[in-house]
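Participant: Structure file entry-v6.cif (mmCIF, C-alpha atoms) is given on the next line.
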data_work
#
loop_
_atom_site.label_atom_id
_atom_site.label_comp_id
_atom_site.auth_asym_id
_atom_site.auth_seq_id
_atom_site.Cartn_x
_atom_site.Cartn_y
_atom_site.Cartn_z
CA MET A 29 -22.75 14.61 -41.03
CA GLY A 30 -24.43 11.61 -42.59
CA ARG A 31 -24.10 7.86 -42.43
CA LEU A 32 -21.32 5.47 -43.26
CA SER A 33 -22.97 4.61 -46.56
CA ASP A 34 -22.71 8.26 -47.65
CA TYR A 35 -18.94 7.67 -47.83
CA HIS A 36 -19.46 4.53 -49.94
CA ILE A 37 -18.00 2.34 -47.22
CA GLN A 38 -19.37 -1.20 -46.97
CA ILE A 39 -19.00 -3.16 -43.77
CA GLY A 40 -18.93 -6.94 -44.06
CA GLU A 41 -20.63 -9.11 -46.64
CA LEU A 42 -24.26 -9.54 -45.56
CA PRO A 43 -26.98 -7.33 -47.11
CA THR A 44 -28.63 -4.67 -44.95
CA GLY A 45 -32.33 -4.22 -44.34
CA GLU A 46 -34.37 -1.54 -46.11
CA ARG A 47 -33.49 1.25 -43.65
CA ASN A 48 -30.29 -0.32 -42.35
CA MET A 49 -31.66 0.24 -38.84
CA ILE A 50 -32.92 -1.82 -35.91
CA THR A 51 -36.46 -0.95 -37.02
CA ASP A 52 -36.03 -3.13 -40.08
CA VAL A 53 -37.22 -5.84 -37.68
CA LYS A 54 -41.00 -5.67 -38.12
CA GLY A 55 -42.83 -4.11 -35.17
CA VAL A 56 -39.76 -2.56 -33.55
CA THR A 57 -39.84 1.20 -32.98
CA VAL A 58 -37.43 3.73 -31.48
CA GLY A 59 -38.18 7.05 -29.78
CA HIS A 60 -36.00 9.88 -28.50
CA THR A 61 -36.23 12.78 -26.09
CA THR A 62 -33.34 15.22 -26.41
CA ILE A 63 -32.48 18.01 -23.97
CA ARG A 64 -30.40 20.88 -25.36
CA ASP A 65 -30.01 23.54 -22.66
CA GLY A 66 -26.56 24.99 -22.07
CA ASP A 67 -24.73 22.82 -19.57
CA VAL A 68 -27.48 20.19 -19.84
CA GLN A 69 -26.95 18.05 -22.93
CA THR A 70 -28.59 14.68 -22.41
CA GLY A 71 -31.62 12.61 -23.30
CA VAL A 72 -33.56 9.36 -23.40
CA SER A 73 -33.88 6.60 -25.97
CA ALA A 74 -36.72 4.07 -25.96
CA ILE A 75 -36.78 0.80 -27.92
CA LEU A 76 -40.14 -0.99 -28.18
CA PRO A 77 -39.99 -4.65 -29.29
CA HIS A 78 -43.60 -4.61 -30.53
CA GLN A 79 -46.66 -2.38 -30.47
CA GLY A 80 -48.86 -4.47 -28.20
CA ASN A 81 -48.89 -4.88 -24.43
CA LEU A 82 -45.35 -6.07 -23.67
CA PHE A 83 -46.20 -7.14 -20.15
CA GLN A 84 -48.96 -9.43 -21.42
CA GLU A 85 -47.06 -10.61 -24.53
CA LYS A 86 -43.40 -10.81 -23.59
CA VAL A 87 -40.58 -11.35 -26.09
CA MET A 88 -37.69 -13.78 -25.82
CA GLY A 89 -34.82 -11.87 -24.22
CA ALA A 90 -31.22 -12.16 -23.10
CA SER A 91 -28.32 -9.97 -22.06
CA TYR A 92 -24.56 -10.26 -22.12
CA VAL A 93 -21.94 -8.34 -20.14
CA ILE A 94 -18.77 -7.75 -22.15
CA ASN A 95 -17.30 -5.55 -19.39
CA GLY A 96 -19.35 -4.86 -16.30
CA PHE A 97 -18.48 -1.27 -15.37
CA GLY A 98 -22.15 -0.31 -15.72
CA LYS A 99 -25.39 0.26 -13.83
CA THR A 100 -27.91 -1.52 -16.02
CA MET A 101 -31.22 -2.47 -14.39
CA GLY A 102 -33.43 -5.49 -15.02
CA THR A 103 -30.97 -7.86 -16.68
CA VAL A 104 -30.85 -10.32 -13.76
CA GLN A 105 -34.48 -11.30 -14.31
CA VAL A 106 -34.06 -11.25 -18.09
CA ASP A 107 -31.28 -13.82 -17.85
CA GLU A 108 -33.21 -15.92 -15.34
CA LEU A 109 -36.55 -16.04 -17.16
CA GLY A 110 -35.47 -15.35 -20.74
CA THR A 111 -38.12 -12.72 -21.44
CA ILE A 112 -38.47 -8.94 -21.74
CA GLU A 113 -41.74 -7.32 -20.65
CA THR A 114 -41.20 -3.54 -20.93
CA PRO A 115 -39.78 -1.00 -23.34
CA ILE A 116 -35.98 -0.81 -23.14
CA ILE A 117 -34.89 2.63 -21.95
CA LEU A 118 -31.38 4.10 -22.35
CA THR A 119 -30.27 7.32 -20.65
CA ASN A 120 -27.44 8.81 -18.59
CA THR A 121 -26.02 7.05 -15.53
CA LEU A 122 -27.63 9.20 -12.84
CA SER A 123 -31.09 9.03 -14.41
CA ILE A 124 -31.66 5.29 -14.33
CA GLY A 125 -33.86 5.57 -11.22
CA THR A 126 -36.12 8.11 -12.88
CA ALA A 127 -36.30 5.99 -16.02
CA ALA A 128 -37.19 2.88 -14.03
CA GLN A 129 -39.94 4.70 -12.13
CA ALA A 130 -41.40 6.00 -15.38
CA VAL A 131 -41.47 2.53 -16.94
CA ILE A 132 -43.02 1.07 -13.78
CA ASN A 133 -45.76 3.70 -13.80
CA TYR A 134 -46.36 3.20 -17.53
CA THR A 135 -46.74 -0.55 -17.06
CA LEU A 136 -48.98 -0.18 -13.99
CA GLN A 137 -51.32 2.09 -15.93
CA ASN A 138 -51.76 -0.51 -18.64
CA ASN A 139 -51.93 -3.60 -16.41
CA LYS A 140 -54.30 -3.18 -13.43
CA GLU A 141 -53.56 -6.68 -12.11
CA ILE A 142 -49.89 -5.92 -11.25
CA GLY A 143 -49.44 -5.99 -7.49
CA ARG A 144 -52.94 -7.37 -7.05
CA SER A 145 -53.59 -10.70 -8.73
CA THR A 146 -50.13 -11.08 -10.33
CA GLY A 147 -46.55 -10.12 -9.52
CA THR A 148 -44.61 -6.94 -10.21
CA VAL A 149 -42.80 -5.68 -13.30
CA ASN A 150 -39.16 -5.74 -14.42
CA PRO A 151 -38.12 -2.45 -16.13
CA ILE A 152 -35.11 -2.70 -18.46
CA ILE A 153 -32.84 0.35 -18.20
CA GLY A 154 -29.36 0.90 -19.65
CA GLU A 155 -27.00 3.82 -19.20
CA CYS A 156 -23.80 5.58 -20.24
CA ASN A 157 -21.97 8.41 -18.45
CA ASP A 158 -22.25 11.72 -20.33
CA MET A 159 -20.64 13.87 -17.61
CA ILE A 160 -18.10 15.64 -19.85
CA LEU A 161 -20.63 17.37 -22.10
CA ASN A 162 -23.61 17.16 -19.74
CA ASP A 163 -23.98 18.44 -16.16
CA ILE A 164 -25.05 14.99 -15.00
CA ARG A 165 -25.34 16.10 -11.35
CA LYS A 166 -28.43 18.15 -12.22
CA GLN A 167 -30.31 14.90 -12.96
CA SER A 168 -32.39 16.76 -15.50
CA ILE A 169 -34.24 13.77 -16.96
CA THR A 170 -37.88 13.58 -15.85
CA GLU A 171 -40.45 10.81 -16.05
CA LYS A 172 -42.20 12.86 -18.74
CA ASP A 173 -39.02 12.79 -20.83
CA VAL A 174 -39.02 9.00 -20.63
CA MET A 175 -42.69 8.74 -21.53
CA ASP A 176 -42.27 11.18 -24.41
CA ALA A 177 -39.55 8.93 -25.85
CA VAL A 178 -41.89 5.94 -25.55
CA SER A 179 -44.87 7.75 -27.07
CA ASN A 180 -42.98 9.14 -30.08
CA ALA A 181 -41.35 5.81 -30.94
CA SER A 182 -41.41 5.21 -34.69
CA PRO A 183 -39.82 3.02 -37.36
CA TYR A 184 -37.97 6.17 -38.47
CA PHE A 185 -35.58 7.96 -36.13
CA GLU A 186 -32.55 10.23 -36.12
CA GLU A 187 -29.02 9.11 -35.28
CA GLY A 188 -26.09 10.99 -33.79
CA SER A 189 -26.42 13.61 -31.04
CA VAL A 190 -29.99 12.77 -30.06
CA GLY A 191 -31.75 10.84 -27.32
CA ALA A 192 -29.46 9.06 -24.90
CA GLY A 193 -26.55 9.83 -27.23
CA ARG A 194 -26.84 13.59 -26.89
CA GLY A 195 -23.90 14.09 -24.52
CA MET A 196 -21.81 11.02 -25.37
CA LEU A 197 -18.23 10.81 -26.64
CA CYS A 198 -16.73 8.03 -28.72
CA TYR A 199 -13.05 7.62 -29.61
CA SER A 200 -12.46 11.11 -28.15
CA LEU A 201 -14.88 12.52 -30.73
CA LYS A 202 -18.58 13.34 -30.53
CA GLY A 203 -20.44 10.06 -30.16
CA GLY A 204 -24.12 9.33 -29.95
CA VAL A 205 -26.70 6.85 -31.19
CA GLY A 206 -26.34 4.72 -34.28
CA SER A 207 -28.02 1.75 -35.86
CA SER A 208 -27.61 -0.88 -38.55
CA SER A 209 -29.19 -4.13 -39.71
CA ARG A 210 -28.37 -7.29 -41.62
CA LEU A 211 -30.43 -9.89 -43.46
CA ILE A 212 -29.96 -13.56 -42.62
CA LYS A 213 -30.93 -15.92 -45.42
CA LEU A 214 -31.65 -19.49 -44.37
CA PRO A 215 -33.45 -22.36 -46.16
CA HIS A 216 -36.67 -21.71 -44.24
CA GLY A 217 -36.77 -17.94 -44.68
CA THR A 218 -35.03 -14.58 -44.66
CA TYR A 219 -34.70 -12.91 -41.28
CA THR A 220 -33.49 -9.54 -40.00
CA LEU A 221 -31.13 -8.63 -37.18
CA GLY A 222 -30.80 -5.00 -36.13
CA VAL A 223 -28.57 -3.20 -33.65
CA TYR A 224 -28.99 0.14 -31.87
CA VAL A 225 -26.08 1.62 -29.91
CA VAL A 226 -25.29 4.46 -27.56
CA SER A 227 -21.55 4.91 -28.11
CA ASN A 228 -19.42 6.40 -25.34
CA PHE A 229 -16.07 4.58 -25.37
CA GLY A 230 -12.61 4.37 -26.91
CA THR A 231 -9.52 6.51 -27.46
CA LEU A 232 -8.84 8.33 -30.71
CA LYS A 233 -5.64 6.55 -31.70
CA ASP A 234 -7.52 3.21 -31.78
CA LEU A 235 -10.32 4.29 -34.13
CA THR A 236 -10.48 1.99 -37.15
CA ILE A 237 -12.87 2.33 -40.08
CA ASN A 238 -13.13 -0.66 -42.37
CA GLU A 239 -9.59 -1.76 -41.45
CA ARG A 240 -8.13 1.74 -41.99
CA LYS A 241 -6.33 3.16 -38.94
CA ILE A 242 -8.03 6.54 -39.17
CA GLY A 243 -7.41 7.30 -35.50
CA GLN A 244 -3.65 7.05 -35.89
CA LYS A 245 -3.83 9.69 -38.63
CA LEU A 246 -6.10 11.99 -36.61
CA TYR A 247 -4.35 11.57 -33.25
CA PRO A 248 -1.32 13.79 -34.04
CA LEU A 249 -3.58 16.48 -35.50
CA LEU A 250 -5.77 17.01 -32.41
CA GLU A 251 -4.92 18.29 -28.96
CA GLN A 252 -7.68 16.35 -27.22
CA GLU A 253 -7.33 12.65 -26.35
CA ASP A 254 -9.75 11.34 -23.75
CA GLU A 255 -8.89 8.40 -21.54
CA ASP A 256 -11.12 5.42 -22.26
CA LYS A 257 -13.50 5.38 -19.30
CA GLY A 258 -16.74 5.28 -21.23
CA SER A 259 -19.26 2.65 -22.14
CA ILE A 260 -21.43 1.30 -24.90
CA MET A 261 -24.99 0.07 -24.70
CA LEU A 262 -26.09 -2.20 -27.51
CA VAL A 263 -29.69 -3.28 -28.09
CA THR A 264 -30.26 -6.07 -30.58
CA ALA A 265 -33.55 -7.02 -32.20
CA THR A 266 -34.25 -9.93 -34.51
CA ASP A 267 -37.15 -11.88 -35.93
CA LEU A 268 -34.94 -14.97 -36.18
CA PRO A 269 -36.52 -17.80 -34.15
CA LEU A 270 -34.11 -18.35 -31.25
CA THR A 271 -34.17 -19.72 -27.75
CA GLU A 272 -32.89 -17.37 -25.07
CA ARG A 273 -29.71 -19.49 -24.90
CA GLN A 274 -29.14 -19.09 -28.63
CA LEU A 275 -29.91 -15.38 -28.37
CA LYS A 276 -27.23 -14.91 -25.72
CA ARG A 277 -24.75 -16.71 -27.97
CA VAL A 278 -25.57 -14.22 -30.73
CA LEU A 279 -25.22 -11.22 -28.40
CA LYS A 280 -21.71 -12.34 -27.40
CA ARG A 281 -20.56 -11.85 -31.00
CA SER A 282 -21.10 -8.10 -30.73
CA VAL A 283 -17.55 -7.95 -29.42
CA THR A 284 -16.25 -8.84 -32.89
CA GLY A 285 -17.85 -5.71 -34.31
CA LEU A 286 -16.65 -3.49 -31.47
CA SER A 287 -13.09 -4.72 -31.82
CA ARG A 288 -13.08 -3.99 -35.55
CA THR A 289 -13.80 -0.33 -34.76
CA GLY A 290 -10.79 -0.32 -32.42
CA SER A 291 -12.27 -1.07 -29.00
CA ILE A 292 -10.04 -2.86 -26.50
CA ILE A 293 -12.92 -3.24 -23.98
CA SER A 294 -11.10 -1.18 -21.36
CA ASN A 295 -11.25 -1.59 -17.59
CA GLY A 296 -13.46 1.44 -17.05
CA SER A 297 -15.91 0.70 -19.83
CA GLY A 298 -19.41 -0.67 -19.30
CA ASP A 299 -20.05 -2.70 -22.43
CA ILE A 300 -23.45 -4.37 -22.20
CA VAL A 301 -25.75 -5.98 -24.78
CA ILE A 302 -29.48 -6.52 -24.41
CA GLY A 303 -31.35 -8.44 -27.08
CA PHE A 304 -34.72 -9.87 -27.99
CA SER A 305 -36.38 -12.01 -30.63
CA THR A 306 -39.86 -11.14 -31.83
CA ALA A 307 -40.37 -14.54 -33.47
CA THR A 308 -42.20 -15.91 -30.43
CA THR A 309 -44.20 -14.06 -27.78
CA ILE A 310 -44.66 -15.53 -24.33
CA PRO A 311 -48.06 -14.89 -22.71
CA HIS A 312 -48.04 -13.57 -19.17
CA GLU A 313 -51.07 -15.62 -18.24
CA ARG A 314 -50.69 -19.36 -18.22
CA SER A 315 -53.18 -21.64 -19.94
CA GLU A 316 -53.88 -25.34 -19.92
CA LYS A 317 -52.18 -25.73 -23.28
CA LEU A 318 -48.47 -26.12 -23.87
CA ASN A 319 -46.56 -23.13 -25.20
CA LYS A 320 -44.86 -23.75 -28.52
CA LEU A 321 -41.42 -22.49 -29.50
CA SER A 322 -39.69 -22.63 -32.88
CA PHE A 323 -35.95 -22.17 -33.12
CA ILE A 324 -33.16 -22.64 -35.62
CA HIS A 325 -30.76 -25.55 -35.64
CA GLU A 326 -27.42 -24.81 -34.00
CA GLU A 327 -25.63 -25.46 -37.29
CA GLU A 328 -27.45 -22.44 -38.79
CA ILE A 329 -26.36 -19.91 -36.20
CA ASP A 330 -23.10 -18.75 -37.80
CA GLN A 331 -25.06 -16.44 -40.11
CA ALA A 332 -26.53 -14.74 -37.06
CA PHE A 333 -23.07 -14.46 -35.48
CA ARG A 334 -21.80 -12.71 -38.62
CA ALA A 335 -24.85 -10.44 -38.74
CA MET A 336 -24.35 -9.43 -35.11
CA GLY A 337 -20.72 -8.45 -35.62
CA GLU A 338 -21.31 -6.56 -38.85
CA ALA A 339 -24.36 -4.67 -37.58
CA ALA A 340 -22.63 -3.74 -34.30
CA GLU A 341 -19.59 -2.43 -36.17
CA GLU A 342 -21.63 -0.33 -38.57
CA ALA A 343 -23.95 0.97 -35.83
CA VAL A 344 -20.96 2.34 -33.91
CA LEU A 345 -19.57 3.99 -37.04
CA ASN A 346 -22.99 5.44 -37.90
CA SER A 347 -23.15 6.98 -34.42
CA LEU A 348 -19.86 8.76 -35.18
CA PHE A 349 -20.65 9.80 -38.75
CA SER A 350 -24.11 11.09 -37.78
CA ALA A 351 -23.02 13.05 -34.70
CA THR A 352 -23.43 16.81 -34.75
CA HIS A 353 -21.28 19.35 -32.93
CA ILE A 354 -22.49 20.54 -29.53
CA ILE A 355 -21.09 22.80 -26.81
CA GLY A 356 -21.88 21.46 -23.38
CA ARG A 357 -20.93 21.74 -19.72
CA ASN A 358 -18.31 24.42 -19.03
CA ASN A 359 -18.17 25.10 -22.78
CA GLN A 360 -16.60 21.73 -23.43
CA GLU A 361 -16.85 20.31 -26.92
CA ARG A 362 -15.42 17.59 -29.11
CA PRO A 363 -15.04 17.52 -32.90
CA THR A 364 -17.25 15.34 -35.04
CA LEU A 365 -15.76 12.63 -37.21
CA SER A 366 -17.46 13.93 -40.34
CA SER A 367 -15.94 17.41 -39.91
CA LEU A 368 -12.45 15.94 -39.49
CA LEU A 369 -12.78 13.69 -42.50
CA ARG A 370 -13.80 16.67 -44.62
CA LYS A 371 -11.04 18.86 -43.22
CA TYR A 372 -8.24 16.36 -43.68
CA LYS A 373 -9.70 14.61 -46.75
CA LEU A 374 -9.19 11.16 -45.29
CA PHE A 375 -12.11 9.73 -47.27
CA ASP A 376 -12.85 11.03 -50.73
#
How does this structure look as structure tokens?

Facilitator:
Amino acid sequence: MGRLSDYHIQIGELPTGERNMITDVKGVTVGHTTIRDGDVQTGVSAILPHQGNLFQEKVMGASYVINGFGKTMGTVQVDELGTIETPIILTNTLSIGTAAQAVINYTLQNNKEIGRSTGTVNPIIGECNDMILNDIRKQSITEKDVMDAVSNASPYFEEGSVGAGRGMLCYSLKGGVGSSSRLIKLPHGTYTLGVYVVSNFGTLKDLTINERKIGQKLYPLLEQEDEDKGSIMLVTATDLPLTERQLKRVLKRSVTGLSRTGSIISNGSGDIVIGFSTATTIPHERSEKLNKLSFIHEEEIDQAFRAMGEAAEEAVLNSLFSATHIIGRNNQERPTLSSLLRKYKLFD
């Protein structure tokens, strides 16, 4: 157990932020609720773009569907209006309704004008299917679990088998949550881009770590090889000034990082990216003055493309390296990557 850096493996060429996490973007926090109860191994992750009232001060937002075998909520309005107005909640597939209701109630409590003098609210919910290790049919997630994840959000958080990643598998091994960040140095400033993932995809033989075909070495040694029917949720935060169109272009480059870990973006995989920029907030209430928006020149965006790919790749690998062993539904289990690397001495 640990992180990729504990094995002295460097991904890409851009420098990381101080924590090498999504929370290196100032104001962003992450919270988890984790349920560990026999056949129930699941949880909730909450990502807060800033610490104010998100409904009143929205952030620039976008989403991108790499492969659409997923049940994400709220992205239609995000792509239409280019803003995000609630915490982003990740959980298991059959708990998205509960998560949405919790976020709606949370936003109603803090904004008395919703449904009275203004419109409604657009909760952003993402999911992955944790049915192998978790008894997903019990629908154990409660609104309190969602609110606990929101309330305990912090710049510091655990990775691995926690939050929404509790019951997830990745490359036929124990998956989970992982994060990474990159610094983008431009003439007008240094900016940060961070990625948070819930990894639940891939087959073992495809696993690649920094161009090494580790999965092909592990595959003959293990009896278990899961068919790739999983998903990955990626949440990207940045303080780089971007329009929502530019932000979507950046999100698309997450596929370069996924592919370097071995993903083929399979038919049954829901691979979805949600992202936001904190550089500009958009007020809910209109005024008589024009809103102002700063954004980078298109010729500067390649640095952000590189940052997106590198951070996505390392976030996935951190989710694997940080995962801890659990025994879940019907006593099912999967090995952790760190235990296999120690056992077979694949990385010294």

Participant: Which residue is closest to Asn157 of chain A? Choose from A:Val278, A:Met196, A:Val174, A:Val190 and count all atoms listed in the file.

Facilitator: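 Smallest separation from Asn157 of chain A among the options: A:Met196.
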
Participant: Please evaluate the PyMOL selection byres ((chain A and resi 163) around 7) against the displayed coordinates and give the resulting residues as a list of chain:residue names.

Facilitator: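 This file, filtered by the PyMOL selection byres ((chain A and resi 163) around 7), leaves A:Asp67, A:Val68, A:Met159, A:Leu161, A:Asn162, A:Ile164, A:Arg165, A:Lys166, A:Arg357.
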
Participant: Could you tell me which residues the PyMOL selection byres ((chain A and resi 354) around 12) grabs in this file, written as a ChimeraX atom specification?

Facilitator: /A:63-70,160-162,188-190,193-197,201-204,351-353,355-364

Participant: Do a neighbour search on Lys245 of chain A at 12 Å with only C-alpha atoms, toss out local chain neighbours closer than 2 positions, and write the hits as a VMD selection string.

Facilitator: chain A and resid 232 to 237 240 to 243 247 to 250 368 to 369 372 to 375

Participant: Quick one: of A:Cys198, A:Val72, A:Leu345, A:Ile329, who's nearest to Thr289 of chain A, counting all atoms listed in the file?

Facilitator: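 Of A:Cys198, A:Val72, A:Leu345, A:Ile329, the one nearest Thr289 of chain A, counting all atoms listed in the file, is A:Leu345.
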
Participant: From the set A:Thr103, A:Ser366, A:Ser200, A:Ser287, which residue has the shortest atom-to-atom contact distance to Gly303 of chain A, counting only C-alpha atoms?

Facilitator: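 The answer is A:Thr103, which sits nearest to Gly303 of chain A.
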
Participant: Selected by the PyMOL selection byres ((chain A and resi 113) around 6) in the shown coordinates: which residues, as a PDB file with C-alpha atoms, in the coordinates of the input?

Facilitator:
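Output file expr-v3.pdb is given in full below:
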ATOM      1  CA  LEU A  82     -45.350  -6.070 -23.670  1.00  0.00           C
ATOM      2  CA  PHE A  83     -46.200  -7.140 -20.150  1.00  0.00           C
ATOM      3  CA  LYS A  86     -43.400 -10.810 -23.590  1.00  0.00           C
ATOM      4  CA  ILE A 112     -38.470  -8.940 -21.740  1.00  0.00           C
ATOM      5  CA  THR A 114     -41.200  -3.540 -20.930  1.00  0.00           C
TER       6      THR A 114
END

Participant: So which one's closest to Gly30 of chain A, A:Asp299, A:Gly206, A:Gly110, A:Ile152? Using only C-alpha atoms, please.

Facilitator: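 Closest candidate: A:Gly206.
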
Participant: With all atoms listed in the file as the counted atoms, please give the residues lying no more than 10 Å from Glu255 of chain A, apart from itself and same-chain residues fewer than 6 positions off, as a list in words.

Facilitator: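 In the requested format, the answer is Tyr199, Ser200, Phe229, Gly230, Thr231, Leu232, Ser294 and Gly296 of chain A.
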
Participant: Please tell me which residues are no farther than 10 Å from (-27.2, 4.0, -15.0) in the file, counting only C-alpha atoms, and write them as JSON, numbers by chain.

Facilitator: {"A": [98, 99, 100, 101, 118, 119, 120, 121, 122, 123, 124, 125, 127, 153, 154, 155, 156, 157]}

Participant: Convert the current residue selection to file output with C-alpha atoms, as a tab-separated table (two decimals), in the frame of the given file.

Facilitator:
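Resulting contents of result.tsv:
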chain	number	residue	atom	x	y	z
A	98	GLY	CA	-22.15	-0.31	-15.72
A	99	LYS	CA	-25.39	0.26	-13.83
A	100	THR	CA	-27.91	-1.52	-16.02
A	101	MET	CA	-31.22	-2.47	-14.39
A	118	LEU	CA	-31.38	4.10	-22.35
A	119	THR	CA	-30.27	7.32	-20.65
A	120	ASN	CA	-27.44	8.81	-18.59
A	121	THR	CA	-26.02	7.05	-15.53
A	122	LEU	CA	-27.63	9.20	-12.84
A	123	SER	CA	-31.09	9.03	-14.41
A	124	ILE	CA	-31.66	5.29	-14.33
A	125	GLY	CA	-33.86	5.57	-11.22
A	127	ALA	CA	-36.30	5.99	-16.02
A	153	ILE	CA	-32.84	0.35	-18.20
A	154	GLY	CA	-29.36	0.90	-19.65
A	155	GLU	CA	-27.00	3.82	-19.20
A	156	CYS	CA	-23.80	5.58	-20.24
A	157	ASN	CA	-21.97	8.41	-18.45

Participant: What is the atom CA of Asn228 of chain A to atom CA of Ala128 of chain A distance in Å?

Facilitator: 21.4 Å

Participant: Choose the residue, out of A:Val104, A:Ala90, A:Val53, A:Ala177, that has the smallest atom-to-atom separation from Leu270 of chain A; count only C-alpha atoms.

Facilitator: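 Of A:Val104, A:Ala90, A:Val53, A:Ala177, the one nearest Leu270 of chain A, counting only C-alpha atoms, is A:Ala90.
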
Participant: Which residue, A:Gly285, A:Gly222, A:Pro269, A:Gly290, has the smallest gap to Pro43 of chain A when you use all atoms listed in the file?

Facilitator: A:Gly222

Participant: Find the spatial neighbours of Tyr224 of chain A, counting all atoms listed in the file, within a cut-off of 8 Å - ignore same-chain residues fewer than 6 positions away - and output them as number ranges by chain.

Facilitator: A: 49-50, 205-208, 262-264, 340, 343

Participant: One decimal, Å: what's the distance from atom CA of Ser182 of chain A over to atom CA of Pro77 of chain A, could you say?

Facilitator: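 Spanning atom CA of Ser182 of chain A to atom CA of Pro77 of chain A is a straight-line distance of 11.3 Å.
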
Participant: Please report, as JSON, the centre and edge lengths in Å to one decimal of an axis-aligned box covering all listed atoms of segment 176-179 of chain A with 3 Å per side.

Facilitator:
{"center_x": -42.2, "center_y": 8.6, "center_z": -25.7, "size_x": 11.3, "size_y": 11.2, "size_z": 8.7}
